[in-house]
$ cat model.tsv   # TSV, C-alpha atoms
chain	number	residue	atom	x	y	z
S	260	MET	CA	201.70	184.40	259.27
S	261	ILE	CA	200.22	187.74	258.17
S	262	ARG	CA	198.68	187.77	254.71
S	263	LEU	CA	198.42	191.11	252.91
S	264	SER	CA	196.12	191.49	249.91
S	265	SER	CA	194.49	194.17	247.82
S	266	PRO	CA	190.75	193.42	247.80
S	267	ASP	CA	188.66	194.00	244.69
S	268	LEU	CA	186.52	197.13	244.71
S	269	LEU	CA	183.53	197.98	242.56
S	270	VAL	CA	184.29	201.68	242.77
S	271	ALA	CA	187.73	203.32	242.80
S	272	SER	CA	186.81	205.92	245.39
S	273	SER	CA	189.28	208.72	246.05
S	274	LYS	CA	188.85	207.97	249.76
S	275	ARG	CA	189.34	204.24	249.46
S	276	LYS	CA	191.93	203.43	246.81
S	277	PHE	CA	194.32	201.18	248.68
S	278	PHE	CA	192.58	199.05	251.27
S	279	GLN	CA	194.73	196.28	252.59
S	280	SER	CA	193.73	193.40	254.81
S	281	ILE	CA	195.62	191.54	257.51
S	282	THR	CA	194.33	188.10	258.41
S	283	VAL	CA	194.66	187.27	262.10
S	284	ARG	CA	193.44	184.38	264.18
S	285	ALA	CA	192.10	183.92	267.69
S	286	PHE	CA	194.02	180.65	267.96
S	287	SER	CA	197.43	179.24	267.15
S	288	ASN	CA	198.29	178.58	263.51
S	289	PRO	CA	197.88	175.73	262.84
S	290	PRO	CA	194.99	175.48	265.33
S	291	LYS	CA	195.63	173.29	268.34
S	292	SER	CA	192.29	171.48	268.09
S	293	ARG	CA	189.34	170.98	265.79
S	294	LYS	CA	187.23	172.93	268.27
S	295	LEU	CA	189.40	176.02	267.89
S	296	ALA	CA	189.47	175.59	264.11
S	297	SER	CA	185.69	175.98	264.11
S	298	CYS	CA	185.83	179.13	266.25
S	299	THR	CA	183.61	182.02	265.12
S	300	ILE	CA	184.16	185.67	266.08
S	301	TYR	CA	180.79	187.27	266.88
S	302	GLY	CA	181.81	190.61	268.36
S	303	SER	CA	184.73	193.05	268.26
S	304	ALA	CA	185.60	196.53	269.49
S	305	PHE	CA	188.51	198.94	269.77
S	306	SER	CA	189.45	200.04	273.27
S	307	PRO	CA	189.60	203.73	274.19
S	308	PRO	CA	193.18	205.02	273.89
S	309	ILE	CA	195.02	205.03	277.22
S	310	TYR	CA	198.51	206.54	277.31
S	311	GLY	CA	198.60	206.30	273.52
S	312	ARG	CA	197.76	202.59	273.47
S	313	THR	CA	194.72	201.16	271.71
S	314	TYR	CA	193.72	197.50	271.67
S	315	LEU	CA	191.45	195.36	269.53
S	316	VAL	CA	189.20	193.01	271.48
S	317	ALA	CA	187.02	190.19	270.12
S	318	CYS	CA	184.69	187.58	271.62
S	319	THR	CA	184.17	184.10	270.23
S	320	SER	CA	181.87	181.11	270.00
S	321	THR	CA	184.26	179.22	272.28
S	322	GLY	CA	183.75	181.61	275.19
S	323	LEU	CA	187.06	183.46	274.81
S	324	ILE	CA	187.87	187.16	274.89
S	325	CYS	CA	190.96	187.79	272.73
S	326	VAL	CA	193.06	190.95	272.78
S	327	TRP	CA	195.52	192.32	270.20
S	328	HIS	CA	197.59	195.48	270.30
S	329	SER	CA	196.69	197.98	267.55
S	330	LYS	CA	200.27	199.03	266.81
S	331	TYR	CA	202.45	195.95	266.39
S	332	ALA	CA	201.47	193.29	263.84
S	333	THR	CA	201.40	189.85	265.45
S	334	THR	CA	199.17	186.98	264.38
S	335	GLU	CA	198.47	185.71	267.88
S	336	PRO	CA	196.46	187.48	270.61
S	337	ILE	CA	198.59	188.92	273.39
S	338	LEU	CA	195.90	187.88	275.86
S	339	ARG	CA	193.18	185.21	275.88
S	340	VAL	CA	190.61	185.33	278.65
S	341	GLU	CA	188.19	182.51	279.35
S	342	ALA	CA	184.93	184.33	280.05
S	343	SER	CA	182.67	181.32	279.74
S	344	VAL	CA	182.76	177.57	280.20
S	345	ALA	CA	182.85	175.22	277.22
S	346	GLY	CA	179.83	175.49	274.99
S	347	LYS	CA	178.87	178.98	276.18
S	348	VAL	CA	178.93	181.40	273.27
S	349	LEU	CA	179.83	185.11	273.56
S	350	TYR	CA	177.87	187.23	271.09
S	351	ASP	CA	178.73	190.87	271.71
S	352	LEU	CA	181.08	193.24	273.52
S	353	GLN	CA	181.49	196.99	273.92
S	354	PHE	CA	183.48	199.52	275.91
S	355	ILE	CA	181.62	202.01	278.11
S	356	GLU	CA	182.68	204.83	280.42
S	357	SER	CA	181.12	204.79	283.88
S	358	GLY	CA	183.71	206.25	286.24
S	359	ASP	CA	186.10	203.54	285.01
S	360	THR	CA	186.52	202.19	281.50
S	361	LEU	CA	184.46	199.00	281.46
S	362	LEU	CA	184.30	196.10	279.02
S	363	VAL	CA	180.78	194.67	278.73
S	364	VAL	CA	180.50	191.17	277.25
S	365	SER	CA	177.21	189.37	276.57
S	366	GLY	CA	176.15	185.92	275.44
S	367	ASP	CA	174.99	182.59	276.83
S	368	PRO	CA	176.24	183.45	280.37
S	369	GLY	CA	174.20	186.68	280.43
S	370	ILE	CA	176.24	189.89	280.82
S	371	LEU	CA	179.76	190.08	282.25
S	372	VAL	CA	181.21	193.50	283.20
S	373	TYR	CA	185.00	193.82	283.55
S	374	LYS	CA	187.25	196.70	284.50
S	375	TRP	CA	189.46	197.30	281.49
S	376	SER	CA	192.33	198.02	283.89
S	377	THR	CA	192.18	194.34	284.89
S	378	PHE	CA	193.00	193.39	281.29
S	379	LEU	CA	195.75	196.01	281.09
S	380	ASN	CA	197.35	194.67	284.27
S	381	ALA	CA	197.14	191.12	282.91
S	382	MET	CA	198.86	192.20	279.69
S	383	ASP	CA	201.62	194.11	281.45
S	384	GLY	CA	204.68	191.98	280.94
S	385	HIS	CA	202.54	189.09	279.72
S	386	ILE	CA	204.16	186.84	277.09
S	387	ASP	CA	201.57	184.74	275.29
S	388	ASP	CA	202.33	181.03	275.43
S	389	GLY	CA	199.04	179.82	274.02
S	390	ASN	CA	197.47	179.39	277.44
S	391	VAL	CA	194.16	180.92	278.51
S	392	VAL	CA	193.83	183.02	281.67
S	393	GLN	CA	190.79	183.74	283.80
S	394	LEU	CA	189.84	187.23	285.01
S	395	GLU	CA	187.03	187.94	287.42
S	396	PRO	CA	184.30	190.34	286.26
S	397	ILE	CA	183.22	193.04	288.71
S	398	THR	CA	179.54	192.43	287.92
S	399	ARG	CA	177.40	189.69	286.41
S	400	PHE	CA	173.87	190.31	285.18
S	401	LYS	CA	171.91	187.09	284.90
S	402	PRO	CA	168.61	187.00	282.98
S	403	HIS	CA	165.67	184.68	283.67
S	404	PRO	CA	165.90	180.90	283.23
S	405	SER	CA	165.36	179.78	279.67
S	406	PRO	CA	162.02	178.04	279.02
S	407	SER	CA	163.64	175.95	276.29
S	408	HIS	CA	166.92	174.94	277.99
S	409	ALA	CA	166.69	173.49	281.49
S	410	PHE	CA	168.95	175.08	284.11
S	411	GLU	CA	170.23	177.61	281.56
S	412	PRO	CA	169.60	181.39	281.55
S	413	VAL	CA	168.20	183.25	278.57
S	414	GLU	CA	171.07	184.37	276.33
S	415	ILE	CA	171.78	188.08	275.85
S	416	ASN	CA	172.53	188.72	272.18
S	417	CYS	CA	173.35	192.43	272.32
S	418	THR	CA	173.82	195.35	274.72
S	419	SER	CA	173.63	199.15	274.69
S	420	TYR	CA	174.47	201.66	277.41
S	421	SER	CA	172.83	204.96	278.30
S	422	ALA	CA	175.42	207.15	280.04
S	423	VAL	CA	172.73	209.70	280.95
S	424	ASP	CA	171.07	207.50	283.55
S	425	HIS	CA	173.64	204.64	283.79
S	426	LEU	CA	171.22	202.08	282.37
S	427	LEU	CA	172.46	198.98	280.57
S	428	TYR	CA	170.09	197.38	278.04
S	429	GLY	CA	170.30	193.75	276.95
S	430	GLY	CA	168.43	192.22	274.02
S	431	ALA	CA	167.42	188.68	274.95
S	432	GLY	CA	166.60	185.40	273.28
S	433	ASP	CA	163.59	183.15	273.88
S	434	ALA	CA	161.25	186.11	273.19
S	435	PHE	CA	162.09	187.70	276.57
S	436	GLY	CA	162.41	191.17	275.04
S	437	CYS	CA	164.81	193.77	276.39
S	438	TYR	CA	166.33	193.87	279.89
S	439	GLN	CA	167.12	197.12	281.69
S	440	TRP	CA	169.74	197.06	284.46
S	441	ASP	CA	171.05	199.91	286.63
S	442	LEU	CA	174.82	199.71	286.37
S	443	ARG	CA	175.36	201.67	289.62
S	444	SER	CA	173.08	199.63	291.86
S	445	GLU	CA	173.63	196.41	289.84
S	446	LYS	CA	169.89	195.76	290.01
S	447	LEU	CA	167.32	194.84	287.39
S	448	VAL	CA	165.08	197.83	286.65
S	449	GLY	CA	162.64	195.97	284.41
S	450	THR	CA	161.97	194.29	281.10
S	451	PHE	CA	159.98	195.43	278.08
S	452	GLY	CA	159.44	194.76	274.40
S	453	VAL	CA	157.54	191.47	274.49
S	454	ALA	CA	154.28	190.99	272.58
S	455	GLY	CA	151.39	190.31	274.95
S	456	ASN	CA	152.90	192.42	277.72
S	457	THR	CA	150.14	193.97	279.81
S	458	ARG	CA	151.59	197.45	279.24
S	459	CYS	CA	152.13	197.41	275.48
S	460	ASN	CA	152.67	195.42	272.32
S	461	GLY	CA	156.14	194.33	271.33
S	462	HIS	CA	158.32	191.76	269.63
S	463	ASN	CA	157.20	188.17	269.25
S	464	ASP	CA	160.65	186.67	268.74
S	465	TYR	CA	164.18	187.11	270.08
S	466	LEU	CA	166.15	190.31	269.68
S	467	HIS	CA	169.29	190.76	267.59
S	468	ASP	CA	170.15	194.36	268.42
S	469	VAL	CA	169.35	197.25	270.75
S	470	VAL	CA	170.43	200.89	270.45
S	471	SER	CA	170.07	203.45	273.27
S	472	ILE	CA	169.82	207.07	272.09
S	473	PRO	CA	170.09	209.63	274.93
S	474	ASN	CA	167.56	212.44	274.60
S	475	LYS	CA	164.67	213.81	276.66
S	476	ASN	CA	162.87	210.46	276.43
S	477	ASN	CA	165.97	208.25	276.47
S	478	LEU	CA	164.92	206.65	273.19
S	479	VAL	CA	165.65	202.93	272.87
S	480	VAL	CA	165.43	201.10	269.54
S	481	THR	CA	165.11	197.30	269.37
S	482	ALA	CA	165.09	194.91	266.40
S	483	GLY	CA	165.10	191.19	265.91
S	484	GLU	CA	163.95	187.96	264.37
S	485	ASP	CA	160.37	189.15	263.73
S	486	GLY	CA	161.54	191.77	261.22
S	487	VAL	CA	160.30	194.65	263.38
S	488	ILE	CA	162.13	197.80	264.48
S	489	ALA	CA	160.53	199.18	267.64
S	490	PHE	CA	161.01	202.59	269.31
S	491	TRP	CA	160.60	202.84	273.08
S	492	ASP	CA	160.52	205.46	275.79
S	493	GLY	CA	163.35	204.16	277.95
S	494	LYS	CA	162.21	206.03	281.05
S	495	GLU	CA	158.73	204.56	281.04
S	496	ARG	CA	159.56	201.38	279.07
S	497	LYS	CA	156.57	202.17	276.84
S	498	LEU	CA	156.22	201.62	273.12
S	499	ILE	CA	156.34	204.69	270.87
S	500	GLU	CA	156.11	203.04	267.45
S	501	MET	CA	156.74	199.74	265.67
S	502	MET	CA	157.86	199.48	262.05
S	503	ASN	CA	157.73	196.29	259.99
S	504	VAL	CA	160.73	196.38	257.64
S	505	GLN	CA	159.09	194.25	254.96
S	506	ASN	CA	156.07	196.57	254.87
S	507	SER	CA	158.35	199.63	254.71
S	508	LEU	CA	160.25	198.22	251.73
S	509	ASN	CA	157.07	197.24	249.91
S	510	LYS	CA	155.36	200.57	250.62
S	511	ASN	CA	158.37	202.44	249.23
S	512	LYS	CA	159.11	199.95	246.44
S	513	HIS	CA	159.52	202.64	243.77
S	514	SER	CA	162.44	204.17	245.68
S	515	VAL	CA	163.99	200.87	246.81
S	516	LYS	CA	166.94	199.61	244.77
S	517	TRP	CA	167.07	195.94	243.87
S	518	GLN	CA	170.39	194.21	243.43
S	519	VAL	CA	169.94	191.75	240.57
S	520	GLN	CA	172.99	190.02	239.17
S	521	SER	CA	172.17	190.51	235.50
S	522	LYS	CA	170.48	193.91	235.64
S	523	GLY	CA	172.06	195.81	238.55
S	524	PHE	CA	169.87	198.22	240.50
S	525	GLY	CA	166.58	199.84	239.64
S	526	SER	CA	163.72	197.30	239.71
S	527	THR	CA	160.35	198.04	241.34
S	528	GLN	CA	159.58	194.52	242.53
S	529	GLN	CA	158.46	193.75	246.06
S	530	TRP	CA	158.58	191.03	248.68
S	531	SER	CA	156.00	188.26	248.45
S	532	ASN	CA	153.54	187.75	251.31
S	533	GLY	CA	155.30	184.56	252.35
S	534	SER	CA	158.63	186.29	252.94
S	535	ASN	CA	159.77	186.53	256.56
S	536	LEU	CA	162.48	189.11	257.18
S	537	TRP	CA	164.64	189.46	260.25
S	538	VAL	CA	166.72	192.45	261.37
S	539	SER	CA	170.21	191.45	262.45
S	540	SER	CA	172.00	194.72	263.20
S	541	MET	CA	171.50	198.49	263.45
S	542	GLU	CA	173.83	201.48	263.44
S	543	ARG	CA	173.24	205.15	264.13
S	544	LYS	CA	174.81	208.19	262.48
S	545	GLY	CA	173.38	211.39	263.95
S	546	ASP	CA	169.68	211.57	263.03
S	547	TRP	CA	169.90	208.51	260.78
S	548	LEU	CA	169.40	204.85	261.63
S	549	ALA	CA	170.64	202.10	259.31
S	550	ALA	CA	169.52	198.48	259.59
S	551	VAL	CA	170.47	195.27	257.80
S	552	GLY	CA	169.14	191.74	257.83
S	553	GLY	CA	167.84	188.88	255.75
S	554	SER	CA	165.34	186.10	255.58
S	555	GLU	CA	164.84	182.91	257.54
S	556	SER	CA	165.85	181.10	254.37
S	557	GLY	CA	167.05	182.77	251.20
S	558	SER	CA	165.27	180.12	249.10
S	559	ASN	CA	161.96	181.06	250.74
S	560	LEU	CA	162.26	184.69	249.70
S	561	LEU	CA	160.49	184.51	246.36
S	562	LEU	CA	159.62	187.71	244.58
S	563	ARG	CA	156.40	188.19	242.68
S	564	SER	CA	158.63	188.57	239.62
S	565	GLY	CA	162.34	188.11	239.17
S	566	PRO	CA	164.99	186.07	241.04
S	567	SER	CA	165.19	185.04	244.67
S	568	THR	CA	166.85	187.38	247.12
S	569	ALA	CA	167.98	187.15	250.69
S	570	GLY	CA	168.65	190.45	252.43
S	571	PHE	CA	168.39	194.21	252.72
S	572	MET	CA	169.99	197.44	253.90
S	573	ALA	CA	167.68	200.35	254.78
S	574	THR	CA	167.85	203.72	256.53
S	575	TRP	CA	165.32	205.78	258.51
S	576	HIS	CA	165.21	209.37	259.77
S	577	LEU	CA	165.16	209.07	263.57
S	578	PRO	CA	163.37	212.29	264.63
S	579	THR	CA	160.43	211.59	262.28
S	580	ARG	CA	160.89	207.80	262.10
S	581	THR	CA	160.34	207.92	258.34
S	582	PHE	CA	161.80	205.66	255.66
S	583	ASN	CA	164.75	207.21	253.79
S	584	SER	CA	166.37	204.61	251.54
S	585	GLY	CA	166.54	200.89	250.94
S	586	CYS	CA	168.35	198.27	248.92
S	587	VAL	CA	167.38	194.61	248.55
S	588	THR	CA	170.30	192.24	248.02
S	589	ARG	CA	171.08	188.64	247.09
S	590	GLU	CA	173.01	188.10	250.32
S	591	SER	CA	171.75	188.48	253.87
S	592	TYR	CA	173.65	190.75	256.27
S	593	ASN	CA	174.63	190.05	259.88
S	594	ALA	CA	176.43	193.24	260.90
S	595	ILE	CA	176.64	196.95	260.11
S	596	ALA	CA	178.93	199.73	261.36
S	597	TYR	CA	179.57	203.38	260.56
S	598	ASN	CA	183.02	204.34	259.29
S	599	GLN	CA	183.36	208.08	259.95
S	600	HIS	CA	186.60	208.39	257.99
S	601	LEU	CA	184.83	207.20	254.84
S	602	ASP	CA	181.47	208.67	255.88
S	603	SER	CA	179.98	205.31	254.95
S	604	PHE	CA	177.97	202.54	256.48
S	605	VAL	CA	179.73	199.19	256.14
S	606	SER	CA	177.92	195.85	256.24
S	607	GLY	CA	178.94	192.19	256.17
S	608	GLY	CA	177.02	188.96	255.79
S	609	ASN	CA	176.92	185.50	254.33
S	610	ASP	CA	178.85	186.13	251.10
S	611	GLY	CA	182.29	186.80	252.61
S	612	ARG	CA	182.42	190.45	251.49
S	613	VAL	CA	182.06	193.84	253.11
S	614	THR	CA	179.79	196.32	251.35
S	615	PHE	CA	180.17	200.10	251.58
S	616	TRP	CA	177.08	202.33	251.53
S	617	ASP	CA	176.79	206.09	251.10
S	618	SER	CA	175.61	207.36	254.49
S	619	VAL	CA	173.25	209.93	252.91
S	620	THR	CA	171.75	208.24	249.85
S	621	GLY	CA	172.11	204.62	250.98
S	622	ALA	CA	173.65	203.72	247.61
S	623	CYS	CA	176.19	200.90	247.35
S	624	THR	CA	179.61	202.43	246.61
S	625	GLY	CA	181.88	199.39	246.67
S	626	ARG	CA	182.69	195.92	247.97
S	627	SER	CA	185.75	194.13	249.24
S	628	GLY	CA	186.48	190.45	249.75
S	629	CYS	CA	187.31	189.03	253.19
S	630	THR	CA	188.81	185.91	254.69
S	631	PRO	CA	185.74	184.90	256.78
S	632	SER	CA	183.13	183.21	254.58
S	633	MET	CA	180.42	184.58	256.88
S	634	ILE	CA	180.81	187.93	258.65
S	635	TYR	CA	179.35	188.61	262.11
S	636	ALA	CA	181.59	191.31	263.59
S	637	LEU	CA	182.40	194.79	262.24
S	638	SER	CA	184.25	197.52	264.13
S	639	CYS	CA	185.65	200.90	263.08
S	640	ASN	CA	188.25	202.76	265.10
S	641	ALA	CA	187.02	206.32	265.59
S	642	ALA	CA	190.58	207.53	266.30
S	643	SER	CA	192.04	206.21	263.02
S	644	SER	CA	191.10	204.70	259.66
S	645	MET	CA	191.26	201.10	260.92
S	646	MET	CA	188.35	198.73	260.43
S	647	VAL	CA	188.17	195.05	261.41
S	648	VAL	CA	185.92	192.32	260.03
S	649	GLY	CA	185.42	189.00	261.84
S	650	GLY	CA	183.38	185.84	261.47
S	651	THR	CA	183.76	182.16	260.70
S	652	GLY	CA	187.16	180.52	260.91
S	653	GLY	CA	188.19	182.56	263.93
S	654	SER	CA	189.92	185.16	261.76
S	655	LEU	CA	189.86	188.97	261.59
S	656	ASP	CA	190.58	191.01	258.48
S	657	CYS	CA	191.96	194.46	259.26
S	658	PHE	CA	191.35	197.20	256.69
S	659	ILE	CA	193.44	200.35	256.69
S	660	ASP	CA	192.76	203.37	254.52
S	661	ARG	CA	195.99	204.49	252.85
S	662	VAL	CA	198.01	203.59	255.96
S	663	ASN	CA	200.87	201.09	256.23
S	664	ALA	CA	199.09	197.88	257.17
S	665	SER	CA	202.13	196.55	259.00
S	666	ASN	CA	201.41	199.05	261.76
S	667	PHE	CA	198.41	197.10	262.88
S	668	THR	CA	198.76	194.69	265.82
S	669	THR	CA	196.93	191.39	265.67

$ encode --input "model.tsv" --output "C-alpha cells"
Amino acid sequence: MIRLSSPDLLVASSKRKFFQSITVRAFSNPPKSRKLASCTIYGSAFSPPIYGRTYLVACTSTGLICVWHSKYATTEPILRVEASVAGKVLYDLQFIESGDTLLVVSGDPGILVYKWSTFLNAMDGHIDDGNVVQLEPITRFKPHPSPSHAFEPVEINCTSYSAVDHLLYGGAGDAFGCYQWDLRSEKLVGTFGVAGNTRCNGHNDYLHDVVSIPNKNNLVVTAGEDGVIAFWDGKERKLIEMMNVQNSLNKNKHSVKWQVQSKGFGSTQQWSNGSNLWVSSMERKGDWLAAVGGSESGSNLLLRSGPSTAGFMATWHLPTRTFNSGCVTRESYNAIAYNQHLDSFVSGGNDGRVTFWDSVTGACTGRSGCTPSMIYALSCNAASSMMVVGGTGGSLDCFIDRVNASNFTT
C-alpha cells in the first residue's frame, strides 16, 4: 500500500511548498520473514534514461539489489537480484558510463560490476512473484583478505569512478585505505591512503566515502572513521593535504552555527578534546565539497559549555581547500546528496528526517520527516525533481517537488 503524506517543513520555501512522500518496501508487505523485516537500505541510485525509461535501484543489508520503475507507482520491486550470499551486506551502488552503462555495487563481497542491459533484459516481460533471481556480473574486484575475519575479504564501503582514465576507486574497511582498479584491464593498479604507508601519511581507520574529481591531477578525496578528509593526486597516489574536521570546526568556531534546541543557531562553543568525529558522506557541487558525519557516541560529545551534540555539516572550497561554512547538530548524519532542482544539499541521519541546506551559505533551510528511523541512502534524479530517502525498515520515501506523486514507480 502506498502512503502519501505532507511532511512538516521549517521553512515554506517557494521552491519546496508541496513535498509528498511515497513509502515503498524492498520486500512483500507484510514481510515474508523476520530477516526481511529487518532489512536496511544502504545505497540507492537512479538509472540513466534509456528510451524514456528511468529506474530506481537500491542495495540492501540482505545482499539484494532491488529495482523499481520511476513512472508507475507500485509498492513491490519489479526485480530483485541476489548479489550476495546470506549475511553479506551491500553498502553502495552507482551507475557509470564506460562504453556500456554499468551498475557498480560494493559491500562485503568486494565490488560487483554488472551490465545494466542484463537487468533490462531480466525485467523485460518479468512479472514479480516475490522470488529472487541471480544475474552474473561481468567483473568482480576482490580486495585483500580481512585481518579481523578469517577467510573473508575486506569490505568495500564506497566507490567512485574517474571516466578520464577509467579508474575505479574503492574505500575499504579494516584500515586498508583506498583501492584503485583499472576497469578496462580489470587489474588492481594500487592502494593508498593508509597511515604508515612508506610513501605518505594517511587514514588510520576505515573509509566511509571517496570522491574522484577529474582534473589535471585526477584529484581524489577520501574521508572516514578518523574524522579526516584527505586530498590525493590520483595519478601518483600521493597525499596533497589532510584536514581534520574537528580542528576545522574549532578553528572557525565564530563562523560555525550551533543547533541548540532552546536557542537555535549562533553559539560560539567548540568541541571538547575528547570528542572523536567521523565523516560519513561527501558530495560535490562544482568547486564546493560538502561533508557530514557524527561522533562515535553522541553521549561522548561533550561541549566545553552547553548541551551534548552528535553531528555536523560543513563545506569547503575545493580549489583552495579552505573552510567555507559549518553547522553542528544534535543528530549525526549518514548521507548527503545535492539536489540541483532545489540548489540545496540534502542530508539524512539518525533522527528520521531529511535536512535541506543552502548550497552557498550552508544554512539550514528546512526539514522533512521520513519513514526510516535512520537514513543511510539519499539519491536525487538529475533529470527530474525526484528524490529518494532510504534506511532502516527496508523502506524508501520518494519526494517530488510540485509533481503528482502517483507518477512515481516503486

$ atom_distance --input "model.tsv" --atom1 "atom CA of Met501 of chain S" --atom2 "atom CA of Asp610 of chain S"
29.8 Å

$ atom_distance --input "model.tsv" --atom1 "atom CA of Trp327 of chain S" --atom2 "atom CA of Ser303 of chain S"
11.0 Å

$ atom_distance --input "model.tsv" --atom1 "atom CA of Val326 of chain S" --atom2 "atom CA of Val480 of chain S"
29.6 Å

$ closest_residue --input "model.tsv" --among "S:Phe658, S:Ala636, S:Gly483, S:Ala550" --to "Ser618 of chain S" --atoms "only C-alpha atoms"
S:Ala550

$ residues_near_point --input "model.tsv" --point "(193.4, 202.4, 265.1)" --cutoff "9 Å" --atoms "all atoms listed in the file" --output "ChimeraX atom specification"
/S:305,313-315,329-330,639-646,659,667

$ closest_residue --input "model.tsv" --among "S:Gly452, S:Gly366, S:Gly625, S:Pro396" --to "Val413 of chain S" --atoms "all atoms listed in the file"
S:Gly366

$ closest_residue --input "model.tsv" --among "S:Gly628, S:Gly429, S:Gly322, S:Gly302" --to "Asn609 of chain S" --atoms "only C-alpha atoms"
S:Gly628

$ residues_around --input "model.tsv" --residues "Pro578 of chain S" --least-positions-apart "3" --cutoff "12 Å" --atoms "all atoms listed in the file" --output "ChimeraX atom specification"
/S:472,474,476,478,490,545-548,575,581-582

$ closest_residue --input "model.tsv" --among "S:Ile397, S:Val469, S:His403, S:Gly430" --to "Glu445 of chain S" --atoms "only C-alpha atoms"
S:Ile397

$ residues_around --input "model.tsv" --residues "Leu361 of chain S" --least-positions-apart "3" --cutoff "6 Å" --atoms "all atoms listed in the file" --output "list of chain:residue names"
S:Phe354, S:Ile355, S:Tyr373, S:Lys374, S:Trp375

$ closest_residue --input "model.tsv" --among "S:Gly369, S:Gly436, S:Val504, S:Glu395" --to "Glu411 of chain S" --atoms "only C-alpha atoms"
S:Gly369

$ residues_around --input "model.tsv" --residues "Cys318 of chain S" --least-positions-apart "2" --cutoff "10 Å" --atoms "all atoms listed in the file" --output "PyMOL selection string"
chain S and resi 285+299-304+316+320-326+339-342+348-352+364-366+636+649+653

$ residues_around --input "model.tsv" --residues "Ser421 of chain S" --least-positions-apart "2" --cutoff "8 Å" --atoms "only C-alpha atoms" --output "list in words"
Ser419, Val423, Asp424, His425, Leu426, Leu427, Ser471, Ile472, Pro473 and Asn477 of chain S

$ build_atoms --input "model.tsv" --residues "segment 425-438 of chain S" --atoms "N, CA, C and O atoms" --output "PDB file, keeping the file's coordinate frame"
ATOM      1  N   HIS S 425     172.865 205.832 283.391  1.00  0.00           N
ATOM      2  CA  HIS S 425     173.640 204.640 283.790  1.00  0.00           C
ATOM      3  C   HIS S 425     172.831 203.352 283.648  1.00  0.00           C
ATOM      4  O   HIS S 425     172.965 202.437 284.457  1.00  0.00           O
ATOM      5  N   LEU S 426     172.012 203.276 282.605  1.00  0.00           N
ATOM      6  CA  LEU S 426     171.220 202.080 282.370  1.00  0.00           C
ATOM      7  C   LEU S 426     171.854 201.235 281.270  1.00  0.00           C
ATOM      8  O   LEU S 426     172.274 201.739 280.233  1.00  0.00           O
ATOM      9  N   LEU S 427     171.907 199.937 281.526  1.00  0.00           N
ATOM     10  CA  LEU S 427     172.460 198.980 280.570  1.00  0.00           C
ATOM     11  C   LEU S 427     171.312 198.142 280.020  1.00  0.00           C
ATOM     12  O   LEU S 427     170.566 197.518 280.783  1.00  0.00           O
ATOM     13  N   TYR S 428     171.163 198.128 278.687  1.00  0.00           N
ATOM     14  CA  TYR S 428     170.090 197.380 278.040  1.00  0.00           C
ATOM     15  C   TYR S 428     170.648 196.110 277.421  1.00  0.00           C
ATOM     16  O   TYR S 428     171.741 196.119 276.848  1.00  0.00           O
ATOM     17  N   GLY S 429     169.882 195.028 277.518  1.00  0.00           N
ATOM     18  CA  GLY S 429     170.300 193.750 276.950  1.00  0.00           C
ATOM     19  C   GLY S 429     169.179 193.116 276.160  1.00  0.00           C
ATOM     20  O   GLY S 429     168.103 192.852 276.708  1.00  0.00           O
ATOM     21  N   GLY S 430     169.413 192.883 274.870  1.00  0.00           N
ATOM     22  CA  GLY S 430     168.430 192.220 274.020  1.00  0.00           C
ATOM     23  C   GLY S 430     168.530 190.712 274.194  1.00  0.00           C
ATOM     24  O   GLY S 430     169.594 190.120 274.011  1.00  0.00           O
ATOM     25  N   ALA S 431     167.407 190.078 274.529  1.00  0.00           N
ATOM     26  CA  ALA S 431     167.420 188.680 274.950  1.00  0.00           C
ATOM     27  C   ALA S 431     166.855 187.729 273.900  1.00  0.00           C
ATOM     28  O   ALA S 431     166.152 188.132 272.976  1.00  0.00           O
ATOM     29  N   GLY S 432     167.185 186.465 274.074  1.00  0.00           N
ATOM     30  CA  GLY S 432     166.600 185.400 273.280  1.00  0.00           C
ATOM     31  C   GLY S 432     165.339 184.874 273.931  1.00  0.00           C
ATOM     32  O   GLY S 432     164.861 185.401 274.947  1.00  0.00           O
ATOM     33  N   ASP S 433     164.789 183.807 273.337  1.00  0.00           N
ATOM     34  CA  ASP S 433     163.590 183.150 273.880  1.00  0.00           C
ATOM     35  C   ASP S 433     162.428 184.121 274.049  1.00  0.00           C
ATOM     36  O   ASP S 433     161.600 183.959 274.953  1.00  0.00           O
ATOM     37  N   ALA S 434     162.351 185.148 273.178  1.00  0.00           N
ATOM     38  CA  ALA S 434     161.250 186.110 273.190  1.00  0.00           C
ATOM     39  C   ALA S 434     161.055 186.757 274.561  1.00  0.00           C
ATOM     40  O   ALA S 434     159.921 187.015 274.987  1.00  0.00           O
ATOM     41  N   PHE S 435     162.163 187.033 275.273  1.00  0.00           N
ATOM     42  CA  PHE S 435     162.090 187.700 276.570  1.00  0.00           C
ATOM     43  C   PHE S 435     162.190 189.220 276.443  1.00  0.00           C
ATOM     44  O   PHE S 435     162.127 189.923 277.444  1.00  0.00           O
ATOM     45  N   GLY S 436     162.386 189.727 275.229  1.00  0.00           N
ATOM     46  CA  GLY S 436     162.410 191.170 275.040  1.00  0.00           C
ATOM     47  C   GLY S 436     163.724 191.791 275.476  1.00  0.00           C
ATOM     48  O   GLY S 436     164.799 191.209 275.333  1.00  0.00           O
ATOM     49  N   CYS S 437     163.631 192.992 276.032  1.00  0.00           N
ATOM     50  CA  CYS S 437     164.810 193.770 276.390  1.00  0.00           C
ATOM     51  C   CYS S 437     164.904 193.959 277.899  1.00  0.00           C
ATOM     52  O   CYS S 437     163.922 194.356 278.545  1.00  0.00           O
ATOM     53  N   TYR S 438     166.070 193.659 278.459  1.00  0.00           N
ATOM     54  CA  TYR S 438     166.330 193.870 279.890  1.00  0.00           C
ATOM     55  C   TYR S 438     166.876 195.272 280.108  1.00  0.00           C
ATOM     56  O   TYR S 438     167.552 195.837 279.244  1.00  0.00           O
TER      57      TYR S 438
END
